[in-house]
Amino acid sequence: METHVGHERSVGTPSHASFHRLSSQMEAHQNDIEQVLITEEQIQQKIAEVGEQLSADYEGRDLLLVGVLKGAFVFMADLSRHVRLPMEFDFMAVSSYGAATQTSGVVRILKDLDHEILGRHVLLVEDIVDSGLTLSYLLKNLRTRRPASLEVCALMQKTGVQQVPLDIKYRLFEIPSVFVVGYGLDYGERFRNLPFVGTLRPEVYRDAVS
Ligand code: PRP
């Protein structure tokens with residue numbers, strides 16, 4: 001649908017027809033979900049709690065949130081609005097080199113930070129920690145830039161699969177080692193905008209392969 005910025009038609013609620021079209025598409029999207037692992041309410045409640053904790057821990061400090069794209073953008077947006085402090089934002093985008101080099105923990109930086117972090121209090125925001133190799137690489141890389149402090153806030157950590165020891169100060173949920181989508185996480189770039197985290201029905205993968 002075309003958006004006319006500044007035009008009267010772009011403001012307010014969508015027409016009935018387009019609303020029904022959108023909501024039935026969302027329904028079909030949600031039918032691809034096998035099981036909801038973390039509900040919207042659970043996510044929002046935990047974010048509010050961690051937001052309080054961060055507000056206390058970073059009081060009087062010059063806080064910089066660094067989001068790891070793309071997955072972290074939904075979590076980061078909600079989290080930041082629960083931290084009652086002035087803060088700045090920056091982003092990195094990284095990509096694994098592939099199976100052969102994943103074990104070495106080498107990731108390719110697709111987009112680096114826009115600004116230096118020397119002397120800044122940096123909070124790295126991740127959606128999920130799986131093998132931990134991405135995070136481990138990022139922490140090593142960012143430490144060389146000599147921030148005043150560097151901590152991690154991860155929405156989820158998979159239990160028992162980390163290949164490297166990691167110190168994650170703020171971790172909202174531990175989940176089993178299953179493939180999850182929603183709340184920033186994708187399968188083939190879809191499902192990121194679901195407000196909860198869940199697993200996909202097996203036929204969704206099958207249909208994608210065939
Ligand atoms: C996910 C996630 C982490 C990484 C974790 O990103 O956002 O950055 O994988 O995996 P690891 O602990 O095994 O290193 P993904 O590669 O799916 O990219 P995306 O966020 O752009 O979807």
# chains A, B, ... in the order shown; residues from 1 in each chain; ligands from 1
call {"tool": "residues_around", "arguments": {"residues": "Glu174 of chain A", "least_positions_apart": "5", "cutoff": "9 Å", "atoms": "only C-alpha atoms", "output": "number ranges by chain"}}
result
A: 155-159
call {"tool": "residues_around", "arguments": {"residues": "segment 164-167 of chain A", "least_positions_apart": "2", "cutoff": "7 Å", "atoms": "only C-alpha atoms", "output": "list in words"}}
result
Gly132, Leu133, Ser136, Gln162 and Lys169 of chain A
call {"tool": "closest_atom_pairs", "arguments": {"of": "chain A", "to": "ligand 1", "cutoff": "8 Å", "atoms": "only C-alpha atoms and all ligand atoms", "output": "CSV"}}
result
residue,atom,partner,partner_atom_place_in_ligand_line,distance
A:Val68,CA,ligand 1,8 (O),6.2
A:Leu69,CA,ligand 1,20 (O),5.2
A:Lys70,CA,ligand 1,21 (O),3.8
A:Gly71,CA,ligand 1,20 (O),3.5
A:Ala72,CA,ligand 1,7 (O),6.3
A:Ala93,CA,ligand 1,21 (O),7.3
A:Val94,CA,ligand 1,8 (O),7.2
A:Ser95,CA,ligand 1,16 (O),5.8
A:Ser96,CA,ligand 1,16 (O),6.5
A:Gly105,CA,ligand 1,14 (O),7.6
A:Glu126,CA,ligand 1,7 (O),6.0
A:Asp127,CA,ligand 1,7 (O),5.3
A:Ile128,CA,ligand 1,2 (C),5.0
A:Val129,CA,ligand 1,12 (O),4.1
A:Asp130,CA,ligand 1,12 (O),3.5
A:Ser131,CA,ligand 1,13 (O),3.6
A:Gly132,CA,ligand 1,12 (O),3.4
A:Leu133,CA,ligand 1,14 (O),4.1
A:Thr134,CA,ligand 1,14 (O),3.6
A:Leu135,CA,ligand 1,14 (O),6.2
A:Ser136,CA,ligand 1,14 (O),7.9
A:Gln162,CA,ligand 1,12 (O),7.2
A:Gly184,CA,ligand 1,20 (O),7.5
A:Leu185,CA,ligand 1,22 (O),5.8
A:Asp186,CA,ligand 1,22 (O),5.8
A:Glu189,CA,ligand 1,22 (O),7.1
call {"tool": "write_last_selection", "arguments": {"atoms": "N, CA and C atoms", "output": "PDB file, in the first residue's frame"}}
result
ATOM      1  N   VAL A  68      23.002  -5.487  18.026  1.00  0.00           N
ATOM      2  CA  VAL A  68      23.572  -6.354  16.992  1.00  0.00           C
ATOM      3  C   VAL A  68      22.449  -6.697  16.002  1.00  0.00           C
ATOM      4  N   LEU A  69      22.590  -6.153  14.808  1.00  0.00           N
ATOM      5  CA  LEU A  69      21.544  -6.329  13.785  1.00  0.00           C
ATOM      6  C   LEU A  69      21.601  -7.723  13.180  1.00  0.00           C
ATOM      7  N   LYS A  70      20.484  -8.252  12.601  1.00  0.00           N
ATOM      8  CA  LYS A  70      19.257  -7.487  12.676  1.00  0.00           C
ATOM      9  C   LYS A  70      18.449  -7.835  13.916  1.00  0.00           C
ATOM     10  N   GLY A  71      18.634  -9.046  14.407  1.00  0.00           N
ATOM     11  CA  GLY A  71      17.735  -9.625  15.404  1.00  0.00           C
ATOM     12  C   GLY A  71      17.410  -8.770  16.619  1.00  0.00           C
ATOM     13  N   ALA A  72      18.364  -7.925  17.048  1.00  0.00           N
ATOM     14  CA  ALA A  72      18.181  -7.238  18.327  1.00  0.00           C
ATOM     15  C   ALA A  72      17.289  -6.004  18.249  1.00  0.00           C
ATOM     16  N   ALA A  93      26.399  -4.734  12.443  1.00  0.00           N
ATOM     17  CA  ALA A  93      25.826  -5.877  11.734  1.00  0.00           C
ATOM     18  C   ALA A  93      26.954  -6.847  11.455  1.00  0.00           C
ATOM     19  N   VAL A  94      26.736  -8.099  11.802  1.00  0.00           N
ATOM     20  CA  VAL A  94      27.777  -9.101  11.614  1.00  0.00           C
ATOM     21  C   VAL A  94      27.207 -10.318  10.905  1.00  0.00           C
ATOM     22  N   SER A  95      28.104 -11.073  10.331  1.00  0.00           N
ATOM     23  CA  SER A  95      27.664 -12.292   9.657  1.00  0.00           C
ATOM     24  C   SER A  95      28.721 -13.361   9.864  1.00  0.00           C
ATOM     25  N   SER A  96      28.263 -14.582  10.151  1.00  0.00           N
ATOM     26  CA  SER A  96      29.217 -15.682  10.309  1.00  0.00           C
ATOM     27  C   SER A  96      29.840 -15.989   8.961  1.00  0.00           C
ATOM     28  N   GLY A 105      35.196 -18.902  15.578  1.00  0.00           N
ATOM     29  CA  GLY A 105      34.521 -17.733  16.133  1.00  0.00           C
ATOM     30  C   GLY A 105      34.744 -16.469  15.320  1.00  0.00           C
ATOM     31  N   GLU A 126      21.862  -8.118  22.540  1.00  0.00           N
ATOM     32  CA  GLU A 126      21.712  -9.257  21.615  1.00  0.00           C
ATOM     33  C   GLU A 126      20.343  -9.892  21.791  1.00  0.00           C
ATOM     34  N   ASP A 127      19.815 -10.468  20.727  1.00  0.00           N
ATOM     35  CA  ASP A 127      18.548 -11.193  20.868  1.00  0.00           C
ATOM     36  C   ASP A 127      18.780 -12.598  21.405  1.00  0.00           C
ATOM     37  N   ILE A 128      19.777 -13.301  20.853  1.00  0.00           N
ATOM     38  CA  ILE A 128      19.977 -14.684  21.277  1.00  0.00           C
ATOM     39  C   ILE A 128      21.451 -15.068  21.276  1.00  0.00           C
ATOM     40  N   VAL A 129      21.826 -15.827  22.297  1.00  0.00           N
ATOM     41  CA  VAL A 129      23.178 -16.379  22.356  1.00  0.00           C
ATOM     42  C   VAL A 129      23.043 -17.879  22.171  1.00  0.00           C
ATOM     43  N   ASP A 130      23.637 -18.368  21.090  1.00  0.00           N
ATOM     44  CA  ASP A 130      23.529 -19.790  20.752  1.00  0.00           C
ATOM     45  C   ASP A 130      24.881 -20.439  21.050  1.00  0.00           C
ATOM     46  N   SER A 131      25.749 -20.576  20.051  1.00  0.00           N
ATOM     47  CA  SER A 131      27.096 -21.106  20.324  1.00  0.00           C
ATOM     48  C   SER A 131      27.899 -20.114  21.166  1.00  0.00           C
ATOM     49  N   GLY A 132      27.542 -18.851  21.084  1.00  0.00           N
ATOM     50  CA  GLY A 132      28.256 -17.807  21.822  1.00  0.00           C
ATOM     51  C   GLY A 132      29.421 -17.224  21.037  1.00  0.00           C
ATOM     52  N   LEU A 133      29.669 -17.753  19.850  1.00  0.00           N
ATOM     53  CA  LEU A 133      30.849 -17.329  19.086  1.00  0.00           C
ATOM     54  C   LEU A 133      30.729 -15.887  18.583  1.00  0.00           C
ATOM     55  N   THR A 134      29.531 -15.519  18.166  1.00  0.00           N
ATOM     56  CA  THR A 134      29.326 -14.138  17.703  1.00  0.00           C
ATOM     57  C   THR A 134      29.620 -13.157  18.833  1.00  0.00           C
ATOM     58  N   LEU A 135      29.017 -13.438  19.979  1.00  0.00           N
ATOM     59  CA  LEU A 135      29.180 -12.553  21.128  1.00  0.00           C
ATOM     60  C   LEU A 135      30.635 -12.504  21.591  1.00  0.00           C
ATOM     61  N   SER A 136      31.264 -13.649  21.642  1.00  0.00           N
ATOM     62  CA  SER A 136      32.645 -13.723  22.083  1.00  0.00           C
ATOM     63  C   SER A 136      33.539 -12.871  21.163  1.00  0.00           C
ATOM     64  N   GLN A 162      26.845 -23.386  24.577  1.00  0.00           N
ATOM     65  CA  GLN A 162      27.901 -22.405  24.339  1.00  0.00           C
ATOM     66  C   GLN A 162      29.257 -23.103  24.201  1.00  0.00           C
ATOM     67  N   GLY A 184      12.010 -10.402  16.823  1.00  0.00           N
ATOM     68  CA  GLY A 184      13.304 -10.032  16.228  1.00  0.00           C
ATOM     69  C   GLY A 184      13.969 -11.171  15.489  1.00  0.00           C
ATOM     70  N   LEU A 185      13.633 -12.412  15.855  1.00  0.00           N
ATOM     71  CA  LEU A 185      14.307 -13.554  15.222  1.00  0.00           C
ATOM     72  C   LEU A 185      13.523 -14.050  14.004  1.00  0.00           C
ATOM     73  N   ASP A 186      14.277 -14.450  13.008  1.00  0.00           N
ATOM     74  CA  ASP A 186      13.641 -14.771  11.723  1.00  0.00           C
ATOM     75  C   ASP A 186      13.858 -16.210  11.274  1.00  0.00           C
ATOM     76  N   GLU A 189      14.132 -14.443   6.950  1.00  0.00           N
ATOM     77  CA  GLU A 189      13.780 -13.023   7.123  1.00  0.00           C
ATOM     78  C   GLU A 189      12.321 -12.780   7.531  1.00  0.00           C
TER      79      GLU A 189
END
call {"tool": "residues_around", "arguments": {"residues": "Ala56 of chain A", "least_positions_apart": "5", "cutoff": "10 Å", "atoms": "only C-alpha atoms", "output": "VMD selection string"}}
result
chain A and resid 50 to 51 83 to 85
call {"tool": "closest_residue", "arguments": {"among": "A:Met87, A:Leu194, A:Leu110, A:Leu200", "to": "Leu123 of chain A", "atoms": "only C-alpha atoms"}}
result
A:Met87
call {"tool": "residues_around", "arguments": {"residues": "Gly198 of chain A", "least_positions_apart": "2", "cutoff": "7 Å", "atoms": "only C-alpha atoms", "output": "list in words"}}
result
Ile33, Gln35, Val36, Leu37, Ile38, Val180, Val181, Gly182, Phe196 and Leu200 of chain A
call {"tool": "select_by_dssp", "arguments": {"residues": "segment 53-192 of chain A", "states": "strand (DSSP E)", "output": "ChimeraX atom specification"}}
result
/A:63-69,87-96,107-111,121-129,149-158,170-175
call {"tool": "select_by_dssp", "arguments": {"residues": "chain A", "states": "helix (DSSP H, G or I)", "output": "number ranges by chain"}}
result
A: 8-10, 16-31, 40-57, 73-80, 99-102, 133-143, 202-209
call {"tool": "atom_distance", "arguments": {"atom1": "atom CA of Leu124 of chain A", "atom2": "atom CA of Pro147 of chain A"}}
result
11.6 Å
call {"tool": "residues_around", "arguments": {"residues": "Pro202 of chain A", "least_positions_apart": "2", "cutoff": "12 Å", "atoms": "only C-alpha atoms", "output": "list of chain:residue names"}}
result
A:Asn31, A:Asp32, A:Ile33, A:Glu34, A:Gln35, A:Phe179, A:Thr199, A:Leu200, A:Val204, A:Tyr205, A:Arg206, A:Asp207, A:Ala208, A:Val209
call {"tool": "atom_distance", "arguments": {"atom1": "atom CA of Ala148 of chain A", "atom2": "atom CA of Val125 of chain A"}}
result
16.7 Å
call {"tool": "atom_distance", "arguments": {"atom1": "atom CA of Ile117 of chain A", "atom2": "atom CA of Glu49 of chain A"}}
result
26.7 Å
call {"tool": "residues_around", "arguments": {"residues": "His82 of chain A", "least_positions_apart": "2", "cutoff": "6 Å", "atoms": "only C-alpha atoms", "output": "compact mmCIF listing (two decimals) with N, CA and C atoms, in the first residue's frame"}}
result
# COMPACT_ATOMS: atom_id res chain seq x y z
N ALA A 48 10.57 -4.95 31.60
CA ALA A 48 10.32 -3.88 32.58
C ALA A 48 11.23 -4.06 33.80
N GLY A 51 14.79 -3.29 32.80
CA GLY A 51 14.86 -1.85 32.58
C GLY A 51 15.09 -1.10 33.90
N LEU A 79 13.40 -2.43 25.23
CA LEU A 79 14.25 -2.31 26.42
C LEU A 79 14.59 -0.84 26.71
N SER A 80 14.99 -0.13 25.67
CA SER A 80 15.47 1.25 25.86
C SER A 80 14.38 2.14 26.46
call {"tool": "closest_residue", "arguments": {"among": "A:Arg192, A:Lys46, A:Lys140, A:His121", "to": "His29 of chain A", "atoms": "only C-alpha atoms"}}
result
A:Arg192
call {"tool": "closest_residue", "arguments": {"among": "A:Leu172, A:Leu139, A:Val152, A:Leu65", "to": "Gln44 of chain A", "atoms": "only C-alpha atoms"}}
result
A:Leu172
call {"tool": "decode", "arguments": {"residues": "segment 83-169 of chain A", "atoms": "C-alpha atoms", "output": "PDB file, in the first residue's frame"}}
result
ATOM      1  CA  VAL A  83      15.491   2.553  31.009  1.00  0.00           C
ATOM      2  CA  ARG A  84      14.822   5.900  32.613  1.00  0.00           C
ATOM      3  CA  LEU A  85      18.143   7.491  31.678  1.00  0.00           C
ATOM      4  CA  PRO A  86      19.510   9.512  28.795  1.00  0.00           C
ATOM      5  CA  MET A  87      21.312   7.226  26.354  1.00  0.00           C
ATOM      6  CA  GLU A  88      22.694   6.972  22.858  1.00  0.00           C
ATOM      7  CA  PHE A  89      22.362   4.206  20.283  1.00  0.00           C
ATOM      8  CA  ASP A  90      24.666   2.573  17.806  1.00  0.00           C
ATOM      9  CA  PHE A  91      24.493  -0.636  15.781  1.00  0.00           C
ATOM     10  CA  MET A  92      26.713  -3.326  14.365  1.00  0.00           C
ATOM     11  CA  ALA A  93      25.826  -5.877  11.734  1.00  0.00           C
ATOM     12  CA  VAL A  94      27.777  -9.101  11.614  1.00  0.00           C
ATOM     13  CA  SER A  95      27.664 -12.292   9.657  1.00  0.00           C
ATOM     14  CA  SER A  96      29.217 -15.682  10.309  1.00  0.00           C
ATOM     15  CA  TYR A  97      31.748 -16.764   7.724  1.00  0.00           C
ATOM     16  CA  GLY A  98      30.138 -20.176   7.462  1.00  0.00           C
ATOM     17  CA  ALA A  99      30.506 -23.677   8.872  1.00  0.00           C
ATOM     18  CA  ALA A 100      34.234 -23.977   8.223  1.00  0.00           C
ATOM     19  CA  THR A 101      35.192 -20.895  10.163  1.00  0.00           C
ATOM     20  CA  GLN A 102      32.398 -20.813  12.718  1.00  0.00           C
ATOM     21  CA  THR A 103      34.386 -22.946  15.112  1.00  0.00           C
ATOM     22  CA  SER A 104      37.119 -20.330  15.149  1.00  0.00           C
ATOM     23  CA  GLY A 105      34.521 -17.733  16.133  1.00  0.00           C
ATOM     24  CA  VAL A 106      35.421 -15.442  13.273  1.00  0.00           C
ATOM     25  CA  VAL A 107      32.593 -13.233  12.119  1.00  0.00           C
ATOM     26  CA  ARG A 108      32.579 -10.669   9.364  1.00  0.00           C
ATOM     27  CA  ILE A 109      31.637  -7.105  10.305  1.00  0.00           C
ATOM     28  CA  LEU A 110      29.090  -5.922   7.740  1.00  0.00           C
ATOM     29  CA  LYS A 111      28.453  -2.642   9.498  1.00  0.00           C
ATOM     30  CA  ASP A 112      30.702  -1.187  12.154  1.00  0.00           C
ATOM     31  CA  LEU A 113      29.809   1.343  14.832  1.00  0.00           C
ATOM     32  CA  ASP A 114      29.305   4.900  13.644  1.00  0.00           C
ATOM     33  CA  HIS A 115      31.219   6.362  16.589  1.00  0.00           C
ATOM     34  CA  GLU A 116      34.187   5.614  18.829  1.00  0.00           C
ATOM     35  CA  ILE A 117      33.445   4.023  22.207  1.00  0.00           C
ATOM     36  CA  LEU A 118      36.611   5.059  24.023  1.00  0.00           C
ATOM     37  CA  GLY A 119      35.634   5.870  27.610  1.00  0.00           C
ATOM     38  CA  ARG A 120      31.941   5.094  27.031  1.00  0.00           C
ATOM     39  CA  HIS A 121      29.750   2.769  29.092  1.00  0.00           C
ATOM     40  CA  VAL A 122      28.680   0.275  26.459  1.00  0.00           C
ATOM     41  CA  LEU A 123      25.802  -2.177  26.804  1.00  0.00           C
ATOM     42  CA  LEU A 124      25.791  -4.710  23.990  1.00  0.00           C
ATOM     43  CA  VAL A 125      22.241  -5.827  23.187  1.00  0.00           C
ATOM     44  CA  GLU A 126      21.712  -9.257  21.615  1.00  0.00           C
ATOM     45  CA  ASP A 127      18.548 -11.193  20.868  1.00  0.00           C
ATOM     46  CA  ILE A 128      19.977 -14.684  21.277  1.00  0.00           C
ATOM     47  CA  VAL A 129      23.178 -16.379  22.356  1.00  0.00           C
ATOM     48  CA  ASP A 130      23.529 -19.790  20.752  1.00  0.00           C
ATOM     49  CA  SER A 131      27.096 -21.106  20.324  1.00  0.00           C
ATOM     50  CA  GLY A 132      28.256 -17.807  21.822  1.00  0.00           C
ATOM     51  CA  LEU A 133      30.849 -17.329  19.086  1.00  0.00           C
ATOM     52  CA  THR A 134      29.326 -14.138  17.703  1.00  0.00           C
ATOM     53  CA  LEU A 135      29.180 -12.553  21.128  1.00  0.00           C
ATOM     54  CA  SER A 136      32.645 -13.723  22.083  1.00  0.00           C
ATOM     55  CA  TYR A 137      34.088 -12.198  18.901  1.00  0.00           C
ATOM     56  CA  LEU A 138      32.202  -8.942  19.380  1.00  0.00           C
ATOM     57  CA  LEU A 139      33.300  -8.569  22.987  1.00  0.00           C
ATOM     58  CA  LYS A 140      36.937  -9.141  22.089  1.00  0.00           C
ATOM     59  CA  ASN A 141      36.682  -6.677  19.240  1.00  0.00           C
ATOM     60  CA  LEU A 142      34.942  -3.973  21.291  1.00  0.00           C
ATOM     61  CA  ARG A 143      37.316  -4.356  24.245  1.00  0.00           C
ATOM     62  CA  THR A 144      40.233  -3.312  22.041  1.00  0.00           C
ATOM     63  CA  ARG A 145      38.462   0.047  21.599  1.00  0.00           C
ATOM     64  CA  ARG A 146      38.803   0.671  25.356  1.00  0.00           C
ATOM     65  CA  PRO A 147      35.270   1.492  26.555  1.00  0.00           C
ATOM     66  CA  ALA A 148      34.896   2.530  30.204  1.00  0.00           C
ATOM     67  CA  SER A 149      32.728  -0.567  30.680  1.00  0.00           C
ATOM     68  CA  LEU A 150      31.316  -3.288  28.465  1.00  0.00           C
ATOM     69  CA  GLU A 151      28.391  -5.494  29.493  1.00  0.00           C
ATOM     70  CA  VAL A 152      25.902  -7.686  27.673  1.00  0.00           C
ATOM     71  CA  CYS A 153      22.126  -7.712  27.764  1.00  0.00           C
ATOM     72  CA  ALA A 154      20.751 -10.768  25.951  1.00  0.00           C
ATOM     73  CA  LEU A 155      17.093 -11.580  25.573  1.00  0.00           C
ATOM     74  CA  MET A 156      17.725 -15.327  25.365  1.00  0.00           C
ATOM     75  CA  GLN A 157      20.508 -17.779  25.942  1.00  0.00           C
ATOM     76  CA  LYS A 158      20.294 -21.380  24.797  1.00  0.00           C
ATOM     77  CA  THR A 159      21.097 -23.817  27.580  1.00  0.00           C
ATOM     78  CA  GLY A 160      24.180 -25.992  27.386  1.00  0.00           C
ATOM     79  CA  VAL A 161      25.371 -25.209  23.852  1.00  0.00           C
ATOM     80  CA  GLN A 162      27.901 -22.405  24.339  1.00  0.00           C
ATOM     81  CA  GLN A 163      31.305 -23.261  22.946  1.00  0.00           C
ATOM     82  CA  VAL A 164      33.070 -20.458  24.790  1.00  0.00           C
ATOM     83  CA  PRO A 165      32.790 -19.150  28.348  1.00  0.00           C
ATOM     84  CA  LEU A 166      30.748 -15.945  28.400  1.00  0.00           C
ATOM     85  CA  ASP A 167      29.936 -13.406  31.049  1.00  0.00           C
ATOM     86  CA  ILE A 168      26.401 -12.203  30.361  1.00  0.00           C
ATOM     87  CA  LYS A 169      25.387  -9.766  33.080  1.00  0.00           C
TER      88      LYS A 169
END
